[in-house]
Amino acid sequence: MDLHNETDKSIRRYLLGELSEQELEQVEQLVMSDDRVYEELLFAEDDLIDKYVSGTLSEEERTKFKKRFLVVPELRQSLGFASSLRKHALETAPQVVAEEPVTPPPALFDRLKRFFVQPVFAVSFATVLLAVLALNAWLFRQNSQLKRKVEQLEAQTTAGADDLEKRLELARQRNEQLTAELQRQQQLAEDLRKQQEQQKPPTRETNGSSVLAVTLSSGFVRDSGEWKKFSLRANTGEVRFQLDVAGGDYRGYQTSLQTIEGESRLSRKNLKLGTGNTVTFIVPAKILNPGDYRIVLSGVNSSGAITEIGSYYFRVLH
Amino acid sequence: MKTTPRKRWDLNQEAFDELLAWLNPDRERAGRKYEDIRERLIRIFVHRGCLSAEDLADKTINNVARKIHELKAYYVGDPMLYFCGVARNIYADYSKTQVELPAITEILPAPEPEEPDESEADHTCLESCLEGMDPDDRELLLEYYREQGGAKIEGHKEMARRRGITVNALRILICRLRASFKKCMKQCLNIQTN
């Protein structure tokens with residue numbers, strides 16, 4: 001480092017022509033053989049020129065510099081370039097704006113206060129504030145209306161549900177009434193039909209011959225004078241007896257047609273209970289001569305036992 | 001790199017080629033070495049106060065090249081030092097021719113040397129050479145020259161800090177930019193005067 005510093009000093013003296021011949025030769029040998037010294041020579045040369053141009057050389061250095069650098073064309077040219085370059089650099093330097101005294105930034109509240117006390121901003125702010133208040137009032141009103149509507153809808157929904165339940169109940173009751181009425185009407189229709197049949201035995205045509213339907217009720221006793229009476233036409237092929245069954249639970253029924261004297265004319269087994277709790281017993285018309293007859297109805301229970309459950313009397317007229 | 005002999009080169013091409021081969025077997029490197037030797041010789045003659053340093057540098061190289069055949073046979077050591085020795089002899093001869101001149105200055109006091117004025121050509125070349133530089137390099141060089149007075153050292157430190165380099169690295173960088181600028185200016189002014 002000391003050697004370098006010594007060399008640097010020697011170079012500076014070399015440039016200003018202060019070295020003896022012997023020292024001069026030593027420096028020149030270094031300039032030729034040592035790259036660092038050569039570079040330092042170039043630096044020092046430029047530095048000396050810059051200092052001269054910027055006026056930072058001492059008077060003694062300045063005098064020595066002039067004797068060398070203003071005389072030798074090579075150095076004079078370098079000085080000229082440096083001078084021009086410096087002049088150009090200063091001419092093209094960015095303008096420095098004078099800085100204003102630095103004052104601490106005002107607090108946020110002060111800044112806001114200062115902002116809003118400006119007339120133009122105060123009027124603008126008041127306008128905006130009024131607009132915001134009006135908007136709030138409108139929104140509040142809208143909100144209240146919406147709340148009322150929602151409440152009404154909720155009330156309507158509750159009332160609608162109650163009403164629906166009531167209507168359903170009414171419909172159910174109405175349905176029950178109608179069902180009861182229908183059954184009553186059906187019963188009436190059945191009763192009427194039975195009365196009609198009792199009063200006028202119905203007939204219907206089957207394969208060119210007619211079928212006479214006769215409904216008989218149990219209990220028509222021989223002496224009661226309430227016998228079922230009917231006539232047989234020439235074309236009557238058969239008589240269909242509908243025997244009312246009073247009650248009992250039987251798996252099947254048997255019938256037996258007898259004259260009133262007790263002579264059996266026709267028997268049927270394995271008959272089933274039909275609609276209206278009746279057992280149908282079909283008798284060919286040809287075996288029914290005018291006279292009084294009795295039909296004995298027996299029930300067969302689950303064990304196979306046969307029980308007489310009713311007698312049905314009728315008279316065949318001429 | 002193509003290297004051609006400078007002015008006053010009156011030796012044959014064979015001797016010149018032999019000189020380059022002596023400086024470095026690689027011709028490219030030898031060419032750079034040749035240019036380097038010439039620049040150093042010019043600095044030496046310049047700081048000896050010679051008015052035609054370039055001519056004296058070329059004369060030195062010619063003298064070495066003239067003896068290159070024999071030189072290769074007997075010289076052992078750094079060729080740079082040999083050039084330095086020859087330059088000293090050349091300067092000695094040169095100084096003999098300048099001996100009579102100071103007598104005139106003793107009769108008539110030498111006028112105060114004037115600082116160089118910037119000519120129109122200088123200004124044109126300055127603009128041209130700066131324009132040809134990389135923008136960052138140009139700004140760096142100009143910024144370096146803007147610093148002045150006592151703030152210059154601190155200013156250069158700040159420049160180096162901003163670029164993340166040492167002050168010495170900045171100095172080297174500026175030196176190279178300045179050398180490149182000077183070279184450009186010389187070439188430009190040669191064209192302008194011719």
# chains A, B, ... in the order shown; residues from 1 in each chain; ligands from 1
>>> interface_residues(of="chain A", to="chain B", cutoff="9 Å", atoms="only C-alpha atoms", output="ChimeraX atom specification")
/A:14-17,25,28-33,38-39,41-43,46,50-51,54-56,66-90,92-93
>>> residues_around(residues="Glu70 in chain B", least_positions_apart="5", cutoff="12 Å", atoms="only C-alpha atoms", output="PyMOL selection string")
chain B and resi 15+18-19+22+64-65+75-76
